[in-house]
$ cat work26.pdb   # PDB, C-alpha atoms
ATOM      1  CA  MET A   1       2.367 -10.888   3.925
ATOM      2  CA  TYR A   2       2.225  -7.276   2.770
ATOM      3  CA  GLN A   3      -0.485  -5.279   4.516
ATOM      4  CA  VAL A   4      -2.323  -2.957   2.144
ATOM      5  CA  PRO A   5      -2.695   0.523   3.691
ATOM      6  CA  ASP A   6      -6.167   1.773   4.561
ATOM      7  CA  GLN A   7      -8.162   2.373   1.372
ATOM      8  CA  THR A   8     -11.380   3.560   2.995
ATOM      9  CA  GLY A   9     -13.168   6.043   0.767
ATOM     10  CA  ARG A  10     -11.307   5.066  -2.372
ATOM     11  CA  ARG A  11     -13.045   3.670  -5.444
ATOM     12  CA  VAL A  12     -10.798   1.323  -7.398
ATOM     13  CA  ILE A  13     -11.069  -0.398 -10.784
ATOM     14  CA  VAL A  14      -9.179  -3.674 -11.208
ATOM     15  CA  THR A  15      -9.143  -5.246 -14.660
ATOM     16  CA  GLY A  16      -8.958  -9.016 -14.923
ATOM     17  CA  ALA A  17     -10.257  -9.302 -11.364
ATOM     18  CA  ASN A  18     -11.805 -12.757 -11.769
ATOM     19  CA  SER A  19      -8.539 -14.700 -11.394
ATOM     20  CA  GLY A  20      -4.844 -14.582 -10.614
ATOM     21  CA  THR A  21      -3.193 -11.371  -9.488
ATOM     22  CA  GLY A  22      -6.290  -9.343 -10.368
ATOM     23  CA  LYS A  23      -8.521 -11.362  -8.096
ATOM     24  CA  GLU A  24      -5.968 -11.255  -5.287
ATOM     25  CA  ALA A  25      -5.584  -7.487  -5.721
ATOM     26  CA  ALA A  26      -9.354  -6.977  -5.654
ATOM     27  CA  LYS A  27      -9.637  -9.100  -2.518
ATOM     28  CA  ARG A  28      -6.943  -7.304  -0.569
ATOM     29  CA  LEU A  29      -7.942  -3.830  -1.696
ATOM     30  CA  ALA A  30     -11.505  -4.601  -0.566
ATOM     31  CA  ALA A  31     -10.176  -5.928   2.742
ATOM     32  CA  ALA A  32      -8.374  -2.595   3.178
ATOM     33  CA  GLY A  33     -11.662  -0.719   2.783
ATOM     34  CA  ALA A  34     -11.738   0.162  -0.910
ATOM     35  CA  SER A  35     -14.866  -0.029  -3.022
ATOM     36  CA  VAL A  36     -13.708  -2.250  -5.881
ATOM     37  CA  ILE A  37     -15.078  -2.468  -9.406
ATOM     38  CA  MET A  38     -14.121  -5.867 -10.765
ATOM     39  CA  ALA A  39     -13.705  -5.260 -14.499
ATOM     40  CA  VAL A  40     -13.920  -8.629 -16.241
ATOM     41  CA  ARG A  41     -14.623 -10.100 -19.662
ATOM     42  CA  SER A  42     -16.827 -12.920 -18.338
ATOM     43  CA  LEU A  43     -19.566 -11.777 -15.976
ATOM     44  CA  ASP A  44     -20.144 -15.342 -14.782
ATOM     45  CA  LYS A  45     -16.507 -15.741 -13.785
ATOM     46  CA  GLY A  46     -16.562 -12.298 -12.238
ATOM     47  CA  GLU A  47     -19.601 -13.098 -10.132
ATOM     48  CA  ASN A  48     -18.018 -16.362  -8.990
ATOM     49  CA  ALA A  49     -14.883 -14.469  -7.970
ATOM     50  CA  ARG A  50     -16.957 -11.886  -6.120
ATOM     51  CA  THR A  51     -18.749 -14.634  -4.200
ATOM     52  CA  GLU A  52     -15.416 -16.165  -3.203
ATOM     53  CA  ILE A  53     -14.020 -12.832  -2.050
ATOM     54  CA  GLU A  54     -17.151 -11.954  -0.097
ATOM     55  CA  ALA A  55     -16.918 -15.286   1.695
ATOM     56  CA  SER A  56     -13.482 -14.372   3.049
ATOM     57  CA  VAL A  57     -13.709 -10.575   3.393
ATOM     58  CA  ALA A  58     -16.479  -9.396   5.679
ATOM     59  CA  GLY A  59     -18.213  -6.293   4.377
ATOM     60  CA  ALA A  60     -16.386  -6.307   1.041
ATOM     61  CA  ARG A  61     -17.759  -3.690  -1.316
ATOM     62  CA  LEU A  62     -17.508  -5.229  -4.758
ATOM     63  CA  GLU A  63     -19.173  -4.580  -8.080
ATOM     64  CA  VAL A  64     -18.745  -6.666 -11.220
ATOM     65  CA  ARG A  65     -18.778  -4.921 -14.594
ATOM     66  CA  ARG A  66     -17.968  -6.237 -18.038
ATOM     67  CA  ILE A  67     -15.101  -5.037 -20.177
ATOM     68  CA  ASP A  68     -13.391  -6.787 -23.067
ATOM     69  CA  LEU A  69      -9.999  -5.184 -23.591
ATOM     70  CA  ALA A  70      -9.795  -6.891 -26.981
ATOM     71  CA  ASP A  71     -12.774  -4.836 -28.147
ATOM     72  CA  LEU A  72     -12.350  -1.050 -28.134
ATOM     73  CA  GLY A  73     -16.112  -0.593 -28.317
ATOM     74  CA  SER A  74     -16.448  -2.517 -25.066
ATOM     75  CA  VAL A  75     -13.729  -0.361 -23.494
ATOM     76  CA  ARG A  76     -15.542   2.823 -24.488
ATOM     77  CA  GLU A  77     -18.840   1.485 -23.174
ATOM     78  CA  PHE A  78     -17.290   0.543 -19.832
ATOM     79  CA  ALA A  79     -15.586   3.925 -19.444
ATOM     80  CA  ALA A  80     -18.747   5.822 -20.393
ATOM     81  CA  LYS A  81     -20.734   4.054 -17.693
ATOM     82  CA  ILE A  82     -18.031   4.750 -15.111
ATOM     83  CA  LEU A  83     -17.968   8.428 -16.024
ATOM     84  CA  THR A  84     -21.751   8.785 -15.863
ATOM     85  CA  ASP A  85     -21.996   7.165 -12.426
ATOM     86  CA  GLY A  86     -21.466  10.487 -10.714
ATOM     87  CA  LYS A  87     -18.965   8.880  -8.339
ATOM     88  CA  PRO A  88     -15.228   9.567  -8.129
ATOM     89  CA  ILE A  89     -12.605   7.116  -9.360
ATOM     90  CA  HIS A  90      -9.387   7.134  -7.375
ATOM     91  CA  THR A  91      -7.355   4.201  -8.693
ATOM     92  CA  LEU A  92      -7.101   2.270 -11.947
ATOM     93  CA  VAL A  93      -5.274  -1.059 -11.808
ATOM     94  CA  ASN A  94      -4.360  -2.201 -15.325
ATOM     95  CA  ASN A  95      -3.857  -5.895 -14.635
ATOM     96  CA  ALA A  96      -5.631  -8.005 -17.259
ATOM     97  CA  GLY A  97      -3.684  -9.599 -20.081
ATOM     98  CA  VAL A  98      -3.102 -12.577 -22.339
ATOM     99  CA  MET A  99       0.181 -14.412 -22.826
ATOM    100  CA  THR A 100       1.768 -16.152 -25.835
ATOM    101  CA  PRO A 101      -1.001 -17.690 -27.936
ATOM    102  CA  PRO A 102       0.902 -20.043 -30.275
ATOM    103  CA  LYS A 103      -0.745 -18.668 -33.407
ATOM    104  CA  ARG A 104      -1.343 -15.063 -34.369
ATOM    105  CA  LEU A 105      -4.827 -14.004 -33.335
ATOM    106  CA  GLU A 106      -6.580 -10.668 -33.707
ATOM    107  CA  THR A 107      -8.807  -8.524 -31.537
ATOM    108  CA  THR A 108     -12.261  -7.386 -32.613
ATOM    109  CA  ASP A 109     -10.627  -4.318 -34.154
ATOM    110  CA  GLY A 110      -8.002  -6.262 -36.105
ATOM    111  CA  PHE A 111      -4.986  -5.774 -33.843
ATOM    112  CA  GLU A 112      -2.611  -8.578 -32.891
ATOM    113  CA  LEU A 113      -4.209 -10.060 -29.780
ATOM    114  CA  GLN A 114      -1.424  -9.427 -27.277
ATOM    115  CA  PHE A 115      -0.681  -5.881 -28.434
ATOM    116  CA  GLY A 116      -4.392  -5.131 -28.546
ATOM    117  CA  SER A 117      -5.472  -6.751 -25.269
ATOM    118  CA  ASN A 118      -2.394  -6.034 -23.183
ATOM    119  CA  PHE A 119      -1.705  -2.516 -24.372
ATOM    120  CA  LEU A 120      -4.164  -0.814 -26.740
ATOM    121  CA  GLY A 121      -7.253  -1.719 -24.689
ATOM    122  CA  PRO A 122      -5.699  -0.568 -21.382
ATOM    123  CA  PHE A 123      -4.285   2.488 -23.177
ATOM    124  CA  LEU A 124      -7.733   3.566 -24.326
ATOM    125  CA  LEU A 125      -9.291   2.836 -20.936
ATOM    126  CA  THR A 126      -6.582   4.825 -19.165
ATOM    127  CA  SER A 127      -6.890   7.740 -21.584
ATOM    128  CA  LEU A 128     -10.645   7.934 -21.092
ATOM    129  CA  LEU A 129     -10.416   7.778 -17.289
ATOM    130  CA  ILE A 130      -7.455  10.112 -16.691
ATOM    131  CA  PRO A 131      -9.653  13.234 -16.322
ATOM    132  CA  ALA A 132     -11.739  11.526 -13.618
ATOM    133  CA  LEU A 133      -8.636  10.235 -11.847
ATOM    134  CA  VAL A 134      -7.121  13.728 -11.835
ATOM    135  CA  GLU A 135     -10.414  15.208 -10.654
ATOM    136  CA  SER A 136     -10.444  12.854  -7.663
ATOM    137  CA  GLY A 137      -7.535  14.829  -6.241
ATOM    138  CA  ALA A 138      -5.412  11.798  -5.388
ATOM    139  CA  GLY A 139      -5.535   9.597  -8.461
ATOM    140  CA  ARG A 140      -3.336   6.620  -9.112
ATOM    141  CA  ILE A 141      -2.739   4.368 -12.110
ATOM    142  CA  ALA A 142      -0.902   1.100 -11.503
ATOM    143  CA  THR A 143       0.010  -0.855 -14.624
ATOM    144  CA  MET A 144       1.145  -4.471 -14.675
ATOM    145  CA  SER A 145       4.128  -5.085 -16.913
ATOM    146  CA  SER A 146       6.384  -8.146 -16.896
ATOM    147  CA  GLY A 147      10.018  -9.032 -16.423
ATOM    148  CA  VAL A 148       9.871 -10.200 -20.038
ATOM    149  CA  ALA A 149       9.694  -6.526 -21.034
ATOM    150  CA  THR A 150      13.437  -6.430 -20.388
ATOM    151  CA  TRP A 151      13.936  -8.282 -23.682
ATOM    152  CA  GLY A 152      11.176  -6.455 -25.523
ATOM    153  CA  SER A 153      11.333  -4.008 -28.407
ATOM    154  CA  ILE A 154       8.677  -1.796 -29.946
ATOM    155  CA  HIS A 155       8.478  -2.899 -33.579
ATOM    156  CA  PHE A 156       7.087   0.324 -34.994
ATOM    157  CA  ALA A 157       7.374  -1.005 -38.551
ATOM    158  CA  ASP A 158       5.179  -4.019 -37.729
ATOM    159  CA  LEU A 159       3.389  -3.481 -34.413
ATOM    160  CA  GLN A 160       0.739  -6.055 -35.341
ATOM    161  CA  TRP A 161       3.215  -8.849 -36.192
ATOM    162  CA  ARG A 162       1.776  -9.406 -39.652
ATOM    163  CA  LEU A 163       5.136 -10.177 -41.240
ATOM    164  CA  HIS A 164       6.465 -12.739 -38.800
ATOM    165  CA  TYR A 165       4.619 -13.670 -35.604
ATOM    166  CA  ASN A 166       6.678 -14.730 -32.607
ATOM    167  CA  PRO A 167       4.513 -15.338 -29.491
ATOM    168  CA  TRP A 168       7.171 -14.433 -26.933
ATOM    169  CA  ALA A 169       8.484 -11.413 -28.817
ATOM    170  CA  ALA A 170       4.928 -10.134 -29.279
ATOM    171  CA  TYR A 171       4.221 -10.632 -25.584
ATOM    172  CA  ALA A 172       7.435  -8.826 -24.615
ATOM    173  CA  GLN A 173       6.512  -5.918 -26.902
ATOM    174  CA  SER A 174       3.063  -5.598 -25.335
ATOM    175  CA  LYS A 175       4.429  -5.563 -21.779
ATOM    176  CA  LEU A 176       7.170  -3.101 -22.687
ATOM    177  CA  ALA A 177       4.434  -0.930 -24.188
ATOM    178  CA  ASP A 178       2.597  -1.052 -20.851
ATOM    179  CA  MET A 179       5.782   0.041 -19.087
ATOM    180  CA  LEU A 180       6.309   2.927 -21.488
ATOM    181  CA  MET A 181       2.689   4.006 -21.006
ATOM    182  CA  GLY A 182       3.149   4.130 -17.227
ATOM    183  CA  MET A 183       6.384   6.084 -17.610
ATOM    184  CA  HIS A 184       4.877   8.589 -20.047
ATOM    185  CA  ILE A 185       1.857   9.289 -17.863
ATOM    186  CA  ALA A 186       4.191   9.875 -14.918
ATOM    187  CA  ARG A 187       6.241  12.395 -16.899
ATOM    188  CA  ILE A 188       3.200  14.329 -18.070
ATOM    189  CA  ALA A 189       1.523  14.275 -14.646
ATOM    190  CA  THR A 190       4.691  15.708 -13.135
ATOM    191  CA  ALA A 191       5.032  18.365 -15.828
ATOM    192  CA  LYS A 192       1.391  19.397 -15.506
ATOM    193  CA  LYS A 193       1.409  19.101 -11.701
ATOM    194  CA  TRP A 194      -1.587  16.803 -11.763
ATOM    195  CA  PRO A 195      -2.581  15.097  -8.488
ATOM    196  CA  LEU A 196      -1.981  11.757 -10.206
ATOM    197  CA  THR A 197       0.632   9.076  -9.614
ATOM    198  CA  SER A 198       1.506   6.526 -12.301
ATOM    199  CA  THR A 199       3.347   3.391 -11.201
ATOM    200  CA  ILE A 200       4.406   0.116 -12.828
ATOM    201  CA  ALA A 201       4.785  -3.403 -11.456
ATOM    202  CA  HIS A 202       5.745  -6.920 -12.430
ATOM    203  CA  PRO A 203       4.821 -10.150 -10.608
ATOM    204  CA  GLY A 204       8.005 -12.151 -11.124
ATOM    205  CA  TYR A 205       7.171 -15.779 -11.796
ATOM    206  CA  THR A 206       3.785 -16.197 -10.164
ATOM    207  CA  ARG A 207       1.678 -19.331 -10.485
ATOM    208  CA  THR A 208      -1.543 -18.276 -12.228
ATOM    209  CA  ASN A 209      -3.518 -19.430 -15.254
ATOM    210  CA  LEU A 210      -1.777 -16.786 -17.387
ATOM    211  CA  GLN A 211       0.923 -19.251 -18.429
ATOM    212  CA  THR A 212      -1.598 -21.738 -19.848
ATOM    213  CA  ALA A 213      -4.672 -19.720 -20.870
ATOM    214  CA  GLY A 214      -2.993 -17.937 -23.780
ATOM    215  CA  ALA A 215      -0.963 -20.951 -24.836
ATOM    216  CA  ASN A 216      -4.173 -23.012 -25.124
ATOM    217  CA  LEU A 217      -6.229 -20.492 -27.106
ATOM    218  CA  THR A 218      -5.788 -22.287 -30.441
ATOM    219  CA  ARG A 219      -5.508 -25.842 -29.140
ATOM    220  CA  ARG A 220      -8.219 -28.486 -29.013
ATOM    221  CA  PRO A 221      -9.158 -29.643 -25.490
ATOM    222  CA  GLU A 222      -7.210 -32.871 -25.885
ATOM    223  CA  GLU A 223      -4.120 -30.841 -26.890
ATOM    224  CA  ALA A 224      -4.326 -28.348 -24.031
ATOM    225  CA  ARG A 225      -1.204 -27.851 -21.991
ATOM    226  CA  PRO A 226      -1.596 -28.606 -18.282
ATOM    227  CA  PRO A 227      -0.413 -26.088 -15.678
ATOM    228  CA  ALA A 228       3.362 -26.073 -15.360
ATOM    229  CA  ALA A 229       4.852 -28.076 -12.541
ATOM    230  CA  HIS A 230       6.957 -25.059 -11.468
ATOM    231  CA  THR A 231       9.803 -27.256 -10.264
ATOM    232  CA  LEU A 232      12.769 -26.044 -12.319
ATOM    233  CA  ILE A 233      12.255 -22.284 -12.044
ATOM    234  CA  PRO A 234      11.657 -20.513  -8.719
ATOM    235  CA  SER A 235       8.018 -19.466  -8.505
ATOM    236  CA  GLN A 236       5.610 -18.045  -5.986
ATOM    237  CA  ALA A 237       1.945 -18.196  -5.089
ATOM    238  CA  VAL A 238      -0.423 -15.465  -6.181
ATOM    239  CA  GLU A 239      -0.606 -14.020  -2.647
ATOM    240  CA  GLN A 240       3.040 -12.967  -2.953
ATOM    241  CA  GLY A 241       2.975 -12.364  -6.684
ATOM    242  CA  ALA A 242       0.234  -9.737  -6.409
ATOM    243  CA  GLU A 243       2.158  -7.689  -3.861
ATOM    244  CA  PRO A 244       4.212  -5.526  -6.282
ATOM    245  CA  LEU A 245       0.962  -4.519  -7.976
ATOM    246  CA  LEU A 246      -0.709  -3.848  -4.632
ATOM    247  CA  PHE A 247       2.237  -1.732  -3.500
ATOM    248  CA  ALA A 248       2.151   0.196  -6.779
ATOM    249  CA  ALA A 249      -1.609   0.710  -6.514
ATOM    250  CA  ALA A 250      -2.047   1.558  -2.849
ATOM    251  CA  ASP A 251       1.107   2.296  -0.888
ATOM    252  CA  PRO A 252       1.804   5.959  -0.060
ATOM    253  CA  ARG A 253       5.531   5.219  -0.445
ATOM    254  CA  ALA A 254       5.132   4.301  -4.118
ATOM    255  CA  GLU A 255       6.862   6.936  -6.234
ATOM    256  CA  GLN A 256       5.897   8.626  -9.455
ATOM    257  CA  GLY A 257       7.019   6.566 -12.454
ATOM    258  CA  ALA A 258       8.607   3.864 -10.276
ATOM    259  CA  TYR A 259       8.751   0.179 -11.134
ATOM    260  CA  TYR A 260       8.152  -2.488  -8.475
ATOM    261  CA  GLY A 261       8.817  -6.225  -8.489
ATOM    262  CA  PRO A 262      10.017  -9.138  -6.364
ATOM    263  CA  ARG A 263      13.304  -8.604  -4.553
ATOM    264  CA  GLY A 264      14.702 -11.824  -5.972
ATOM    265  CA  GLY A 265      13.697 -11.055  -9.554
ATOM    266  CA  LEU A 266      11.338 -14.015  -9.869
ATOM    267  CA  THR A 267      10.186 -14.300  -6.263
ATOM    268  CA  GLY A 268      10.325 -12.506  -2.947
ATOM    269  CA  PRO A 269       9.108  -9.408  -1.143
ATOM    270  CA  THR A 270       8.447  -6.241  -3.112
ATOM    271  CA  LYS A 271      11.111  -3.656  -3.819
ATOM    272  CA  ARG A 272      11.651  -0.867  -6.302
ATOM    273  CA  VAL A 273      13.523  -2.245  -9.300
ATOM    274  CA  ALA A 274      15.405  -0.473 -12.066
ATOM    275  CA  LEU A 275      13.660   0.199 -15.330
ATOM    276  CA  PRO A 276      15.270  -2.024 -17.986
ATOM    277  CA  GLY A 277      17.360  -0.702 -20.836
ATOM    278  CA  SER A 278      14.538  -1.593 -23.235
ATOM    279  CA  ALA A 279      12.464   1.196 -21.658
ATOM    280  CA  ARG A 280      15.274   3.754 -21.880
ATOM    281  CA  ARG A 281      16.019   3.733 -25.607
ATOM    282  CA  GLY A 282      15.799   7.464 -26.061
ATOM    283  CA  PRO A 283      13.395   9.997 -24.554
ATOM    284  CA  ASP A 284      11.050   9.896 -27.534
ATOM    285  CA  GLN A 285      10.225   6.167 -27.471
ATOM    286  CA  ALA A 286       7.328   6.447 -25.010
ATOM    287  CA  ALA A 287       5.969   9.623 -26.594
ATOM    288  CA  SER A 288       6.158   8.077 -30.066
ATOM    289  CA  LEU A 289       4.319   4.980 -28.906
ATOM    290  CA  TRP A 290       1.666   7.132 -27.232
ATOM    291  CA  ALA A 291       1.111   9.059 -30.470
ATOM    292  CA  VAL A 292       0.759   5.846 -32.471
ATOM    293  CA  ALA A 293      -1.616   4.348 -29.905
ATOM    294  CA  ARG A 294      -3.780   7.467 -30.047
ATOM    295  CA  GLN A 295      -4.107   7.067 -33.808
ATOM    296  CA  LEU A 296      -4.912   3.358 -33.569
ATOM    297  CA  THR A 297      -7.514   3.714 -30.828
ATOM    298  CA  GLY A 298      -8.960   7.145 -31.521
ATOM    299  CA  SER A 299      -8.356   8.101 -27.905
ATOM    300  CA  PRO A 300      -8.863  11.693 -26.714
ATOM    301  CA  ALA A 301      -5.949  14.108 -26.663
ATOM    302  CA  ILE A 302      -5.620  14.172 -22.882
ATOM    303  CA  ILE A 303      -1.841  13.745 -22.949
ATOM    304  CA  ARG A 304       0.289  15.275 -25.670
TER     305      ARG A 304
END

$ encode --input "work26.pdb" --output "structure tokens"
Amino acid sequence: MYQVPDQTGRRVIVTGANSGTGKEAAKRLAAAGASVIMAVRSLDKGENARTEIEASVAGARLEVRRIDLADLGSVREFAAKILTDGKPIHTLVNNAGVMTPPKRLETTDGFELQFGSNFLGPFLLTSLLIPALVESGAGRIATMSSGVATWGSIHFADLQWRLHYNPWAAYAQSKLADMLMGMHIARIATAKKWPLTSTIAHPGYTRTNLQTAGANLTRRPEEARPPAAHTLIPSQAVEQGAEPLLFAAADPRAEQGAYYGPRGGLTGPTKRVALPGSARRGPDQAASLWAVARQLTGSPAIIR
């Protein structure tokens, strides 16, 4: 198992920290000495996760705070409270997400749910916290993408999938958008010589509730899909699946703008992997997406 380097003295935000890779990341970052803010939509689930982590990690420093990435007002409220704490923020782990609801759903602000929750919410949160991360002197942003981003495209003419909703294509777009965000921040941080590292990760095929939670959003309880048996496709437990994200978030060897995933593609130890062709469709793709996201979210002009 990957050993997270010493994180003593670092204050870390992990979104979606109540389950799956987010919970595992929060647990192991806390075990390495970090003070972890578990940013979750459900405070009850967050508190339950904190109790579980504290039972296995002696002296874990954990705090549960609410954020709903599908509600930009909630994102702004969360960020405002973080910024008024008077404490530094060293690492932001953009982990939370939703996957393939069978019917088109919208966020509080009227965005397609996957694009809004997986990208626009994290985009706004990241934009609001970048100044504090830079001010910390050794800031890091680790963003969870997906191998599905390889087949993704940014549909600038219909980002919200109003014309024809395809759950998998919408999911792939949202995770490609996350990848482009991580890449763009890395470029700007390098150009401006900020003490900030932006990295990207994907978990391969990791057994979490992500595969069923989104798919069951519009189904009645009796129609809900059970967890997949994971027998036909190679898969891995969350302990291994969280490791690319942990490496991206905490390892001193993680490089600016680099992408990390399982060595075997779907499973295996972490290695640096090549950015897919979908993320390299011209130098202006990431910048164009950033500009559009700024307009949609009303985020500050921290990065131009």

$ closest_residue --input "work26.pdb" --among "A:His155, A:His202, A:Arg11, A:Lys103" --to "Lys87 (chain A)" --atoms "all atoms listed in the file"
A:Arg11

$ resolve_selection --input "work26.pdb" --expression "the PyMOL selection byres ((chain A and resi 294) around 12)" --output "short mmCIF file (atom, residue, chain, number, x, y, z; two decimals) with C-alpha atoms, in the coordinates of the input"
data_model
loop_
_atom_site.label_atom_id
_atom_site.label_comp_id
_atom_site.auth_asym_id
_atom_site.auth_seq_id
_atom_site.Cartn_x
_atom_site.Cartn_y
_atom_site.Cartn_z
CA PHE A 119 -1.70 -2.52 -24.37
CA LEU A 120 -4.16 -0.81 -26.74
CA GLY A 121 -7.25 -1.72 -24.69
CA PRO A 122 -5.70 -0.57 -21.38
CA PHE A 123 -4.28 2.49 -23.18
CA LEU A 124 -7.73 3.57 -24.33
CA LEU A 125 -9.29 2.84 -20.94
CA THR A 126 -6.58 4.82 -19.16
CA SER A 127 -6.89 7.74 -21.58
CA LEU A 128 -10.64 7.93 -21.09
CA MET A 181 2.69 4.01 -21.01
CA ALA A 287 5.97 9.62 -26.59
CA SER A 288 6.16 8.08 -30.07
CA LEU A 289 4.32 4.98 -28.91
CA TRP A 290 1.67 7.13 -27.23
CA ALA A 291 1.11 9.06 -30.47
CA VAL A 292 0.76 5.85 -32.47
CA ALA A 293 -1.62 4.35 -29.90
CA GLN A 295 -4.11 7.07 -33.81
CA LEU A 296 -4.91 3.36 -33.57
CA THR A 297 -7.51 3.71 -30.83
CA GLY A 298 -8.96 7.14 -31.52
CA SER A 299 -8.36 8.10 -27.90
CA PRO A 300 -8.86 11.69 -26.71
CA ALA A 301 -5.95 14.11 -26.66
CA ILE A 302 -5.62 14.17 -22.88
CA ILE A 303 -1.84 13.74 -22.95
CA ARG A 304 0.29 15.28 -25.67
#

$ closest_residue --input "work26.pdb" --among "A:Pro131, A:Gly20, A:Pro234, A:Pro101" --to "Trp194 (chain A)" --atoms "only C-alpha atoms"
A:Pro131

$ resolve_selection --input "work26.pdb" --expression "the PyMOL selection byres ((chain A and resi 253) around 12)" --output "tab-separated table (two decimals) with C-alpha atoms, in the coordinates of the input"
chain	number	residue	atom	x	y	z
A	4	VAL	CA	-2.32	-2.96	2.14
A	5	PRO	CA	-2.70	0.52	3.69
A	197	THR	CA	0.63	9.08	-9.61
A	199	THR	CA	3.35	3.39	-11.20
A	246	LEU	CA	-0.71	-3.85	-4.63
A	247	PHE	CA	2.24	-1.73	-3.50
A	248	ALA	CA	2.15	0.20	-6.78
A	249	ALA	CA	-1.61	0.71	-6.51
A	250	ALA	CA	-2.05	1.56	-2.85
A	251	ASP	CA	1.11	2.30	-0.89
A	252	PRO	CA	1.80	5.96	-0.06
A	254	ALA	CA	5.13	4.30	-4.12
A	255	GLU	CA	6.86	6.94	-6.23
A	256	GLN	CA	5.90	8.63	-9.46
A	258	ALA	CA	8.61	3.86	-10.28
A	260	TYR	CA	8.15	-2.49	-8.48
A	271	LYS	CA	11.11	-3.66	-3.82
A	272	ARG	CA	11.65	-0.87	-6.30

$ resolve_selection --input "work26.pdb" --expression "the PyMOL selection byres ((chain A and resi 264) around 12)" --output "VMD selection string"
chain A and resid 147 203 to 205 234 to 236 241 260 to 263 265 to 273

$ closest_residue --input "work26.pdb" --among "A:Ile130, A:Ile53, A:Ala189, A:Leu72" --to "Ser19 (chain A)" --atoms "all atoms listed in the file"
A:Ile53

$ closest_residue --input "work26.pdb" --among "A:Gln3, A:Asn118, A:Thr15, A:Gln240" --to "Arg65 (chain A)" --atoms "all atoms listed in the file"
A:Thr15

$ atom_distance --input "work26.pdb" --atom1 "CA of Ala170 (chain A)" --atom2 "CA of Val148 (chain A)"
10.5 Å

$ atom_distance --input "work26.pdb" --atom1 "CA of Pro88 (chain A)" --atom2 "CA of Gly9 (chain A)"
9.8 Å

$ atom_distance --input "work26.pdb" --atom1 "CA of Ser145 (chain A)" --atom2 "CA of Lys175 (chain A)"
4.9 Å

$ closest_residue --input "work26.pdb" --among "A:Val93, A:Ala172, A:Ala58, A:Val98" --to "Ala30 (chain A)" --atoms "only C-alpha atoms"
A:Ala58

$ residues_around --input "work26.pdb" --residues "Arg140 (chain A)" --least-positions-apart "3" --cutoff "6 Å" --atoms "only C-alpha atoms" --output "PyMOL selection string"
chain A and resi 91+196-198

$ closest_residue --input "work26.pdb" --among "A:Ala286, A:Leu69, A:Met179, A:Met1" --to "Ala274 (chain A)" --atoms "only C-alpha atoms"
A:Met179

$ residues_around --input "work26.pdb" --residues "region 159-166 of chain A" --least-positions-apart "4" --cutoff "10 Å" --atoms "all atoms listed in the file" --output "list in words"
Thr100, Pro101, Pro102, Lys103, Arg104, Leu105, Glu106, Gly110, Phe111, Glu112, Leu113, Gln114, Phe115, Gly116, Ser153, Ile154, His155, Ala170, Tyr171, Ala172, Gln173, Ser174 and Val292 of chain A

$ residues_near_point --input "work26.pdb" --point "(-14.9, -2.0, -10.0)" --cutoff "6 Å" --atoms "all atoms listed in the file" --output "list in words"
Val12, Ile13, Val36, Ile37, Met38, Ala39 and Glu63 of chain A

$ write_last_selection --input "work26.pdb" --atoms "C-alpha atoms" --output "PDB file, in the coordinates of the input"
ATOM      1  CA  VAL A  12     -10.798   1.323  -7.398  1.00  0.00           C
ATOM      2  CA  ILE A  13     -11.069  -0.398 -10.784  1.00  0.00           C
ATOM      3  CA  VAL A  36     -13.708  -2.250  -5.881  1.00  0.00           C
ATOM      4  CA  ILE A  37     -15.078  -2.468  -9.406  1.00  0.00           C
ATOM      5  CA  MET A  38     -14.121  -5.867 -10.765  1.00  0.00           C
ATOM      6  CA  ALA A  39     -13.705  -5.260 -14.499  1.00  0.00           C
ATOM      7  CA  GLU A  63     -19.173  -4.580  -8.080  1.00  0.00           C
TER       8      GLU A  63
END

$ residues_around --input "work26.pdb" --residues "Leu43 (chain A)" --least-positions-apart "5" --cutoff "9 Å" --atoms "only C-alpha atoms" --output "PyMOL selection string"
chain A and resi 18+48+64-66

$ build_atoms --input "work26.pdb" --residues "region 152-159 of chain A" --atoms "N, CA and C atoms" --output "PDB file, keeping the file's coordinate frame"
ATOM      1  N   GLY A 152      12.121  -6.906 -24.518  1.00  0.00           N
ATOM      2  CA  GLY A 152      11.176  -6.455 -25.523  1.00  0.00           C
ATOM      3  C   GLY A 152      11.698  -5.311 -26.372  1.00  0.00           C
ATOM      4  N   SER A 153      11.077  -5.143 -27.515  1.00  0.00           N
ATOM      5  CA  SER A 153      11.333  -4.008 -28.407  1.00  0.00           C
ATOM      6  C   SER A 153      10.001  -3.582 -28.997  1.00  0.00           C
ATOM      7  N   ILE A 154       9.870  -2.295 -29.271  1.00  0.00           N
ATOM      8  CA  ILE A 154       8.677  -1.796 -29.946  1.00  0.00           C
ATOM      9  C   ILE A 154       8.946  -1.819 -31.442  1.00  0.00           C
ATOM     10  N   HIS A 155       8.267  -2.711 -32.146  1.00  0.00           N
ATOM     11  CA  HIS A 155       8.478  -2.899 -33.579  1.00  0.00           C
ATOM     12  C   HIS A 155       7.551  -1.946 -34.348  1.00  0.00           C
ATOM     13  N   PHE A 156       7.948  -0.687 -34.384  1.00  0.00           N
ATOM     14  CA  PHE A 156       7.087   0.324 -34.994  1.00  0.00           C
ATOM     15  C   PHE A 156       6.754   0.001 -36.447  1.00  0.00           C
ATOM     16  N   ALA A 157       7.625  -0.681 -37.139  1.00  0.00           N
ATOM     17  CA  ALA A 157       7.374  -1.005 -38.551  1.00  0.00           C
ATOM     18  C   ALA A 157       6.359  -2.132 -38.710  1.00  0.00           C
ATOM     19  N   ASP A 158       6.129  -2.898 -37.651  1.00  0.00           N
ATOM     20  CA  ASP A 158       5.179  -4.019 -37.729  1.00  0.00           C
ATOM     21  C   ASP A 158       4.627  -4.311 -36.325  1.00  0.00           C
ATOM     22  N   LEU A 159       3.916  -3.341 -35.771  1.00  0.00           N
ATOM     23  CA  LEU A 159       3.389  -3.481 -34.413  1.00  0.00           C
ATOM     24  C   LEU A 159       2.426  -4.655 -34.284  1.00  0.00           C
TER      25      LEU A 159
END
